[in-house]
file model.txt (compact mmCIF, C-alpha atoms and all ligand atoms)
# COMPACT_ATOMS: atom_id res chain seq x y z
CA MET O 147 -8.44 -18.11 -36.13
CA SER O 148 -5.33 -16.11 -36.85
CA GLN O 149 -2.31 -16.76 -34.70
CA GLU O 150 -2.36 -13.37 -33.01
CA ILE O 151 -5.79 -13.90 -31.47
CA GLN O 152 -5.01 -17.24 -29.84
CA SER O 153 -5.03 -17.47 -26.08
CA ARG O 154 -4.36 -20.24 -23.61
CA LEU O 155 -7.14 -19.12 -21.28
CA LEU O 156 -9.92 -17.61 -23.40
CA SER O 157 -12.07 -19.23 -26.07
CA GLY O 158 -11.92 -18.28 -29.73
CA ASN O 159 -15.54 -17.15 -29.34
CA PHE O 160 -14.54 -14.58 -26.76
CA LEU O 161 -11.41 -13.46 -28.61
CA ALA O 162 -13.39 -12.85 -31.79
CA LEU O 163 -15.62 -10.27 -30.08
CA PRO O 164 -15.16 -6.60 -30.94
CA GLN O 165 -13.74 -4.66 -27.99
CA ALA O 166 -13.71 -1.11 -26.66
CA GLU O 167 -10.77 0.33 -24.70
CA LEU O 168 -11.58 3.32 -22.49
CA HIS O 169 -8.43 3.97 -20.44
CA VAL O 170 -5.24 4.10 -22.48
CA HIS O 171 -2.62 6.85 -22.52
CA LEU O 172 -1.00 7.72 -25.84
CA GLU O 173 2.36 8.41 -24.20
CA GLY O 174 2.30 5.08 -22.37
CA SER O 175 1.65 3.09 -25.52
CA LEU O 176 4.95 3.81 -27.29
CA GLN O 177 6.69 0.56 -28.08
CA PRO O 178 10.49 0.47 -27.49
CA ALA O 179 11.19 0.55 -31.26
CA THR O 180 9.14 3.74 -31.61
CA VAL O 181 10.86 5.30 -28.59
CA CYS O 182 14.23 4.45 -30.19
CA ALA O 183 13.16 6.02 -33.50
CA LEU O 184 12.15 9.24 -31.72
CA ALA O 185 15.34 9.25 -29.64
CA ALA O 186 17.44 8.84 -32.80
CA LYS O 187 15.53 11.70 -34.45
CA TYR O 188 16.49 14.01 -31.59
CA GLY O 189 20.03 12.69 -31.01
CA VAL O 190 19.22 11.17 -27.62
CA PRO O 191 21.42 8.13 -27.09
CA THR O 192 19.40 5.04 -26.11
CA SER O 193 18.74 1.43 -27.11
CA ALA O 194 15.78 -0.95 -27.04
CA GLN O 195 17.47 -2.62 -24.06
CA GLU O 196 17.65 0.68 -22.16
CA VAL O 197 14.00 1.45 -22.95
CA LEU O 198 13.00 -1.96 -21.59
CA GLN O 199 15.02 -1.27 -18.44
CA ARG O 200 13.23 2.04 -18.04
CA TYR O 201 9.90 0.19 -18.55
CA ALA O 202 10.43 -1.61 -15.20
CA TYR O 203 9.61 0.18 -11.96
CA ARG O 204 9.84 -0.37 -8.24
CA ASP O 205 7.05 2.06 -7.40
CA PHE O 206 4.57 4.59 -8.75
CA LEU O 207 6.96 7.56 -8.68
CA GLU O 208 9.56 5.65 -10.70
CA PHE O 209 6.85 4.96 -13.28
CA ILE O 210 6.02 8.70 -13.41
CA GLU O 211 9.73 9.40 -14.12
CA THR O 212 9.70 7.03 -17.10
CA PHE O 213 6.43 8.55 -18.34
CA LYS O 214 8.09 11.98 -18.24
CA TRP O 215 11.18 10.71 -20.10
CA VAL O 216 9.13 9.13 -22.90
CA SER O 217 6.93 12.24 -23.13
CA SER O 218 10.09 14.36 -23.52
CA LEU O 219 10.70 12.62 -26.87
CA LEU O 220 7.33 13.74 -28.25
CA ARG O 221 8.43 17.17 -29.46
CA ALA O 222 6.65 17.87 -32.74
CA PRO O 223 3.10 17.30 -34.00
CA GLU O 224 4.27 14.49 -36.32
CA ASP O 225 5.70 12.65 -33.27
CA PHE O 226 2.22 12.50 -31.76
CA ALA O 227 0.83 11.26 -35.08
CA LEU O 228 3.50 8.53 -35.14
CA ALA O 229 2.57 7.56 -31.57
CA LEU O 230 -1.12 7.36 -32.50
CA ARG O 231 -0.46 5.16 -35.53
CA ASP O 232 1.67 2.91 -33.29
CA LEU O 233 -1.15 2.63 -30.76
CA GLY O 234 -3.81 2.22 -33.47
CA GLU O 235 -2.01 -0.79 -34.90
CA GLN O 236 -1.83 -2.37 -31.45
CA LEU O 237 -5.56 -1.76 -30.87
CA LEU O 238 -6.58 -3.17 -34.25
CA ALA O 239 -4.58 -6.32 -33.49
CA GLN O 240 -6.72 -6.71 -30.34
CA ASN O 241 -10.08 -6.47 -32.18
CA VAL O 242 -10.65 -3.03 -30.66
CA VAL O 243 -13.19 -1.08 -32.74
CA TYR O 244 -13.57 1.90 -30.41
CA ALA O 245 -11.13 3.57 -28.01
CA GLU O 246 -10.89 6.69 -25.91
CA ILE O 247 -7.29 7.87 -25.98
CA THR O 248 -5.98 9.97 -23.12
CA LEU O 249 -3.64 12.75 -24.22
CA SER O 250 -1.40 14.30 -21.59
CA VAL O 251 -2.13 17.86 -22.63
CA GLY O 252 -0.88 19.08 -19.24
CA VAL O 253 2.59 17.83 -20.21
CA MET O 254 2.35 19.37 -23.71
CA LEU O 255 1.58 22.77 -22.19
CA LEU O 256 4.36 22.42 -19.61
CA ARG O 257 6.74 21.96 -22.55
CA HIS O 258 5.29 25.06 -24.28
CA GLN O 259 3.91 23.00 -27.16
CA SER O 260 0.80 23.93 -29.11
CA ALA O 261 -1.97 21.56 -28.01
CA GLU O 262 -3.94 22.58 -31.12
CA LYS O 263 -1.14 21.67 -33.55
CA ASN O 264 -0.45 18.38 -31.78
CA PHE O 265 -4.14 17.56 -31.74
CA ASP O 266 -4.53 18.41 -35.45
CA ALA O 267 -1.79 15.89 -36.25
CA VAL O 268 -3.39 13.28 -34.00
CA ILE O 269 -6.82 13.77 -35.58
CA ALA O 270 -5.36 13.37 -39.08
CA ALA O 271 -3.77 10.07 -38.00
CA ALA O 272 -7.06 9.02 -36.36
CA GLU O 273 -8.90 9.55 -39.65
CA SER O 274 -6.72 7.00 -41.42
CA LEU O 275 -7.30 4.50 -38.59
CA ARG O 276 -11.03 5.03 -38.92
CA SER O 277 -10.88 3.70 -42.46
CA CYS O 278 -9.31 0.54 -41.00
CA GLY O 279 -12.30 0.03 -38.66
CA LEU O 280 -11.09 1.81 -35.52
CA LYS O 281 -13.03 4.80 -34.19
CA LEU O 282 -11.15 6.99 -31.70
CA ASN O 283 -12.22 9.71 -29.31
CA PHE O 284 -9.95 11.71 -27.02
CA ILE O 285 -9.63 12.73 -23.39
CA PHE O 286 -7.64 15.86 -22.53
CA ASP O 287 -5.74 15.06 -19.36
CA ALA O 288 -4.18 17.41 -16.81
CA VAL O 289 -1.46 16.48 -14.33
CA ARG O 290 -2.65 16.75 -10.76
CA GLN O 291 0.64 17.84 -9.20
CA PHE O 292 0.93 20.74 -11.68
CA GLY O 293 -1.98 22.43 -9.87
CA SER O 294 -5.38 23.87 -10.71
CA ASP O 295 -4.19 26.80 -12.87
CA ALA O 296 -2.34 24.41 -15.18
CA ALA O 297 -5.39 22.10 -15.22
CA MET O 298 -7.63 25.00 -16.24
CA LYS O 299 -5.28 25.67 -19.17
CA VAL O 300 -5.93 22.09 -20.34
CA VAL O 301 -9.69 22.75 -20.33
CA ASP O 302 -9.04 26.01 -22.21
CA ALA O 303 -6.99 24.10 -24.81
CA ALA O 304 -9.87 21.64 -25.28
CA GLU O 305 -12.21 24.57 -25.83
CA ARG O 306 -9.86 26.10 -28.44
CA CYS O 307 -9.52 22.81 -30.32
CA ARG O 308 -13.30 22.76 -30.87
CA SER O 309 -13.54 19.10 -31.79
CA LYS O 310 -16.39 16.67 -31.21
CA SER O 311 -13.71 14.01 -30.85
CA ILE O 312 -12.61 15.53 -27.52
CA VAL O 313 -15.19 13.89 -25.29
CA ALA O 314 -13.82 14.36 -21.79
CA PHE O 315 -11.48 16.14 -19.43
CA GLY O 316 -9.53 14.16 -16.84
CA ILE O 317 -6.77 14.45 -14.28
CA GLY O 318 -4.00 11.91 -13.74
CA GLY O 319 -0.62 11.97 -12.05
CA ASP O 320 0.04 11.98 -8.32
CA GLU O 321 -3.36 11.92 -6.62
CA LEU O 322 -1.76 12.49 -3.21
CA SER O 323 -0.26 15.83 -4.26
CA ILE O 324 -3.15 18.34 -4.24
CA PRO O 325 -6.66 17.94 -2.70
CA ALA O 326 -9.56 17.33 -5.07
CA LYS O 327 -11.45 20.40 -3.89
CA GLU O 328 -8.77 22.63 -5.46
CA PHE O 329 -10.02 21.54 -8.89
CA ARG O 330 -13.70 22.45 -8.43
CA ALA O 331 -13.67 25.42 -10.81
CA VAL O 332 -11.73 23.41 -13.39
CA TYR O 333 -14.35 20.64 -13.48
CA GLU O 334 -17.19 23.18 -13.52
CA LYS O 335 -15.68 24.77 -16.62
CA ALA O 336 -15.09 21.37 -18.25
CA GLY O 337 -18.74 20.48 -17.69
CA ALA O 338 -19.89 23.88 -18.93
CA ILE O 339 -18.17 23.41 -22.29
CA GLY O 340 -19.73 19.97 -22.73
CA LEU O 341 -16.92 17.67 -21.65
CA HIS O 342 -17.49 14.57 -19.55
CA ARG O 343 -15.60 14.55 -16.25
CA LEU O 344 -13.07 11.84 -15.46
CA MET O 345 -10.31 11.44 -12.87
CA HIS O 346 -7.69 8.96 -11.70
CA ALA O 347 -8.55 8.29 -8.06
CA GLY O 348 -8.12 5.47 -5.57
CA GLU O 349 -5.14 4.11 -7.50
CA VAL O 350 -2.50 4.79 -4.86
CA GLY O 351 -4.75 7.05 -2.75
CA GLY O 352 -7.48 5.93 -0.39
CA PRO O 353 -11.24 5.56 -0.89
CA GLU O 354 -11.76 9.18 0.19
CA GLU O 355 -10.07 10.28 -3.06
CA ILE O 356 -12.80 8.49 -5.03
CA ARG O 357 -15.60 9.89 -2.89
CA GLU O 358 -14.27 13.45 -3.28
CA ALA O 359 -13.91 13.06 -7.03
CA ILE O 360 -17.58 12.11 -7.24
CA GLU O 361 -19.08 14.43 -4.67
CA LEU O 362 -16.90 17.53 -5.08
CA LEU O 363 -16.09 17.37 -8.79
CA GLY O 364 -18.98 15.44 -10.36
CA VAL O 365 -16.65 12.83 -11.85
CA GLU O 366 -18.56 10.30 -13.99
CA ARG O 367 -15.98 7.55 -14.43
CA ILE O 368 -13.10 6.73 -12.10
CA GLY O 369 -9.63 5.80 -13.35
CA HIS O 370 -8.56 2.72 -11.34
CA GLY O 371 -10.56 3.22 -8.14
CA ILE O 372 -9.29 -0.03 -6.62
CA ALA O 373 -9.20 1.59 -3.16
CA ALA O 374 -13.01 1.35 -3.18
CA VAL O 375 -12.67 -2.23 -1.99
CA ARG O 376 -11.56 -0.84 1.40
CA ASP O 377 -14.85 1.04 1.94
CA PRO O 378 -18.12 -0.95 1.77
CA SER O 379 -20.31 2.18 1.83
CA LEU O 380 -18.37 3.60 -1.14
CA MET O 381 -18.84 0.32 -2.99
CA ASP O 382 -22.59 0.67 -2.42
CA LEU O 383 -22.51 4.25 -3.70
CA LEU O 384 -20.63 3.28 -6.89
CA ALA O 385 -23.10 0.46 -7.55
CA GLN O 386 -26.20 2.57 -6.84
CA ARG O 387 -25.09 5.56 -8.93
CA ARG O 388 -23.71 3.33 -11.70
CA ILE O 389 -20.30 5.01 -11.66
CA PRO O 390 -17.81 2.77 -13.48
CA LEU O 391 -14.27 1.98 -12.43
CA GLU O 392 -11.69 1.72 -15.21
CA ILE O 393 -9.73 -1.28 -13.96
CA CYS O 394 -6.17 -1.78 -15.24
CA PRO O 395 -4.82 -4.87 -13.45
CA GLN O 396 -1.30 -5.14 -14.87
CA SER O 397 -0.72 -1.44 -14.25
CA ASN O 398 -1.69 -1.92 -10.60
CA ILE O 399 0.89 -4.69 -10.28
CA ARG O 400 3.69 -2.87 -12.13
CA THR O 401 3.33 0.45 -10.27
CA GLY O 402 2.97 -1.23 -6.89
CA ALA O 403 -0.50 0.35 -6.50
CA LEU O 404 -2.18 -2.97 -5.65
CA ALA O 405 0.47 -3.88 -3.07
CA LYS O 406 0.02 -0.42 -1.52
CA GLN O 407 -3.76 -0.84 -1.32
CA LEU O 408 -3.34 -4.28 0.26
CA GLY O 409 -0.62 -3.09 2.67
CA LEU O 410 1.77 -5.75 1.38
CA PRO O 411 5.38 -5.54 0.10
CA ALA O 412 4.26 -7.17 -3.18
CA ALA O 413 0.99 -8.35 -4.72
CA GLN O 414 -0.06 -11.04 -7.19
CA ILE O 415 -2.67 -10.62 -9.92
CA GLU O 416 -4.91 -13.18 -8.16
CA GLN O 417 -5.20 -10.75 -5.22
CA HIS O 418 -6.73 -8.00 -7.37
CA PRO O 419 -10.14 -6.77 -6.11
CA LEU O 420 -11.76 -6.73 -9.57
CA PRO O 421 -13.98 -9.82 -8.94
CA LYS O 422 -15.17 -8.42 -5.61
CA LEU O 423 -15.96 -4.99 -7.09
CA PHE O 424 -17.72 -6.48 -10.13
CA ARG O 425 -19.75 -8.99 -8.12
CA HIS O 426 -20.83 -6.17 -5.81
CA GLY O 427 -22.65 -4.68 -8.79
CA ILE O 428 -20.21 -1.86 -9.53
CA PRO O 429 -19.84 -1.18 -13.27
CA VAL O 430 -16.29 -1.95 -14.37
CA VAL O 431 -14.43 -1.69 -17.64
CA LEU O 432 -11.16 -3.46 -18.29
CA SER O 433 -8.26 -1.43 -19.68
CA THR O 434 -4.51 -1.37 -20.23
CA ASP O 435 -3.58 2.16 -19.00
CA ASP O 436 -0.04 2.30 -20.50
CA PRO O 437 0.22 -0.94 -22.48
CA ALA O 438 3.83 -0.64 -23.67
CA MET O 439 5.11 0.63 -20.35
CA PHE O 440 3.36 -2.19 -18.49
CA HIS O 441 4.09 -4.93 -21.06
CA THR O 442 0.41 -5.68 -21.52
CA ASP O 443 -2.50 -5.50 -23.98
CA LEU O 444 -6.27 -5.77 -23.69
CA ARG O 445 -6.35 -9.52 -24.28
CA SER O 446 -3.76 -10.06 -21.53
CA GLU O 447 -5.94 -8.03 -19.16
CA TYR O 448 -8.93 -10.32 -19.86
CA GLU O 449 -6.63 -13.26 -19.21
CA ASN O 450 -5.58 -11.59 -15.95
CA ALA O 451 -9.24 -11.19 -14.99
CA HIS O 452 -9.79 -14.87 -15.76
CA ARG O 453 -6.86 -15.75 -13.48
CA MET O 454 -8.61 -13.81 -10.72
CA GLY O 455 -11.50 -16.26 -10.99
CA LEU O 456 -13.89 -14.46 -13.34
CA GLN O 457 -15.60 -16.82 -15.76
CA GLU O 458 -15.97 -16.15 -19.47
CA GLU O 459 -19.65 -15.20 -19.15
CA GLU O 460 -18.63 -12.58 -16.58
CA LEU O 461 -15.85 -11.36 -18.86
CA LYS O 462 -18.40 -10.95 -21.67
CA ARG O 463 -20.53 -8.77 -19.40
CA ILE O 464 -17.46 -6.66 -18.59
CA ALA O 465 -16.58 -6.35 -22.30
CA LYS O 466 -20.15 -5.22 -22.97
CA MET O 467 -19.85 -2.51 -20.31
CA SER O 468 -16.91 -0.97 -22.20
CA PHE O 469 -19.45 -0.07 -24.90
CA GLU O 470 -22.22 0.90 -22.47
CA TYR O 471 -19.98 3.36 -20.64
CA ALA O 472 -18.15 4.67 -23.71
CA LEU O 473 -18.49 8.41 -24.31
CA ILE O 474 -19.69 7.91 -27.85
CA ASN O 475 -20.75 11.03 -29.66
CA GLN O 476 -24.43 10.68 -30.48
CA ASN O 477 -23.81 12.14 -33.94
CA ASP O 478 -21.23 9.58 -34.81
CA GLU O 479 -23.22 7.00 -36.69
CA ILE O 480 -20.32 4.71 -37.48
CA ALA O 481 -19.25 4.51 -33.86
CA ILE O 482 -22.79 3.80 -32.73
CA GLN O 483 -23.27 1.15 -35.41
CA ARG O 484 -20.04 -0.55 -34.42
CA ALA O 485 -20.84 -0.37 -30.74
CA GLY O 486 -24.35 -1.66 -31.40
CA ARG O 487 -23.05 -4.57 -33.41
CA ALA O 488 -20.53 -5.37 -30.73
CA THR O 489 -23.09 -5.06 -27.96
CA SER O 490 -25.57 -7.33 -29.71
CA ALA O 491 -22.78 -9.80 -30.45
CA LEU O 492 -22.07 -9.91 -26.75
CA GLY O 493 -25.68 -10.76 -26.03
ZN ZN B 1 -4.15 6.07 -16.39
call {"tool": "encode", "arguments": {"input": "model.txt", "output": "structure tokens"}}
result
Amino acid sequence: MSQEIQSRLLSGNFLALPQAELHVHLEGSLQPATVCALAAKYGVPTSAQEVLQRYAYRDFLEFIETFKWVSSLLRAPEDFALALRDLGEQLLAQNVVYAEITLSVGVMLLRHQSAEKNFDAVIAAAESLRSCGLKLNFIFDAVRQFGSDAAMKVVDAAERCRSKSIVAFGIGGDELSIPAKEFRAVYEKAGAIGLHRLMHAGEVGGPEEIREAIELLGVERIGHGIAAVRDPSLMDLLAQRRIPLEICPQSNIRTGALAKQLGLPAAQIEQHPLPKLFRHGIPVVLSTDDPAMFHTDLRSEYENAHRMGLQEEELKRIAKMSFEYALINQNDEIAIQRAGRATSALG
């Protein structure tokens, strides 16, 4: 076993399994050294120490501020390609063979960038990662607090890019800012052009945010969704309809989202509702969200889940679900072969 796949908590057998990562933001994966390189390119004074200080937050809104600052350094298509190569290397080191990368296209458009040019650069970088054994697909993400018109422009950009690698449309940002029903037409259009429908919900908002995402917008996979644990009937609905939650434990600690859901000033990883949600029969996938910004990686998240009391057999079932609920293009033979191999390896 190579040194980088050792773990104190998980067996070598588990660590050797291929993995899929379904909830990871490109902008949130920039390591401090890459942020410093971009800052130097644009004459923005900073240091690795300052980046690390910015990568610590007291609450969700402080995290959003850092996300905006890092995004402001992604100014040219080649910057996005650099970011993707940075993330790709991190994923390959984690045995990830398939990932769905969320691109904050809402922020690109706010900055008057060309989503098509940025995406072309990203796709070129993704091709070189594919030859290393990593297949990537992409999610075009709008920012909820920017409103429905801006969100529709993200769907329009996905349509203009005309790529089979864009598999879904999603909305992130501040879920308490604008009601879900305002985005009905946006999700209808996304579905009409063949995109899967995703949304961050029940991260800092209540269970009603999750219910509305499903019932008003037809959302197929929920980002976070930890608030579901507060509503037994919603837990039943998620289990019956097989709607997965993309669980990102370290993110929930670092943004204060878990403490908020629990009504506590602070929360520990052992208090996370993942075991309860999973054992209720709700599909879950384990993800990192913004790995650099939250000082985490996929292996650490499986260790976190183990600390919550989930046994390795349960973790294997969760790892398998990341392939089952992946939005893998049916025409993509390599992706399917890899997923199939991984799934059979997981038993
Ligand atoms: Zn996210």
call {"tool": "atom_distance", "arguments": {"input": "model.txt", "atom1": "atom CA of O:Ile339", "atom2": "atom CA of O:Ala297"}}
result
14.7 Å
call {"tool": "closest_residue", "arguments": {"input": "model.txt", "among": "O:Ser193, O:Leu280, O:Met254, O:Glu246", "to": "O:Gly234", "atoms": "all atoms listed in the file"}}
result
O:Leu280
call {"tool": "closest_atom_pairs", "arguments": {"input": "model.txt", "of": "chain O", "to": "ligand ZN 1 (chain B)", "cutoff": "7 Å", "atoms": "all atoms listed in the file", "output": "Markdown table"}}
result
| residue | atom | partner | partner_atom | distance |
| --- | --- | --- | --- | --- |
| O:His169 | CA | B:ZN1 | ZN | 6.3 |
| O:Val170 | CA | B:ZN1 | ZN | 6.5 |
| O:His171 | CA | B:ZN1 | ZN | 6.4 |
| O:Gly318 | CA | B:ZN1 | ZN | 6.4 |
| O:His346 | CA | B:ZN1 | ZN | 6.5 |
| O:Gly369 | CA | B:ZN1 | ZN | 6.3 |
| O:Asp435 | CA | B:ZN1 | ZN | 4.7 |
| O:Asp436 | CA | B:ZN1 | ZN | 6.9 |
call {"tool": "atom_distance", "arguments": {"input": "model.txt", "atom1": "atom CA of O:Phe265", "atom2": "atom CA of O:Lys310"}}
result
12.3 Å
call {"tool": "residues_around", "arguments": {"input": "model.txt", "residues": "O:Ala331", "least_positions_apart": "5", "cutoff": "9 Å", "atoms": "only C-alpha atoms", "output": "number ranges by chain"}}
result
O: 294, 298, 336, 363
call {"tool": "residues_near_point", "arguments": {"input": "model.txt", "point": "(-2.5, -4.7, -41.1)", "cutoff": "12 Å", "atoms": "all atoms listed in the file", "output": "list of chain:residue names"}}
result
O:Glu150, O:Arg231, O:Asp232, O:Gly234, O:Glu235, O:Gln236, O:Leu237, O:Leu238, O:Ala239, O:Gln240, O:Asn241, O:Leu275, O:Ser277, O:Cys278, O:Gly279
call {"tool": "atom_distance", "arguments": {"input": "model.txt", "atom1": "atom CA of O:Ala359", "atom2": "atom CA of O:Ala326"}}
result
6.4 Å
call {"tool": "closest_residue", "arguments": {"input": "model.txt", "among": "O:Ala202, O:Val216, O:Ala374, O:Ala472", "to": "O:Gly402", "atoms": "all atoms listed in the file"}}
result
O:Ala202
call {"tool": "residues_around", "arguments": {"input": "model.txt", "residues": "stretch 395-401 of chain O", "least_positions_apart": "2", "cutoff": "10 Å", "atoms": "all atoms listed in the file", "output": "PyMOL selection string"}}
result
chain O and resi 201-210+349-350+370+372+392-393+403-407+412-420+432-437+439-443+446-448+450-451
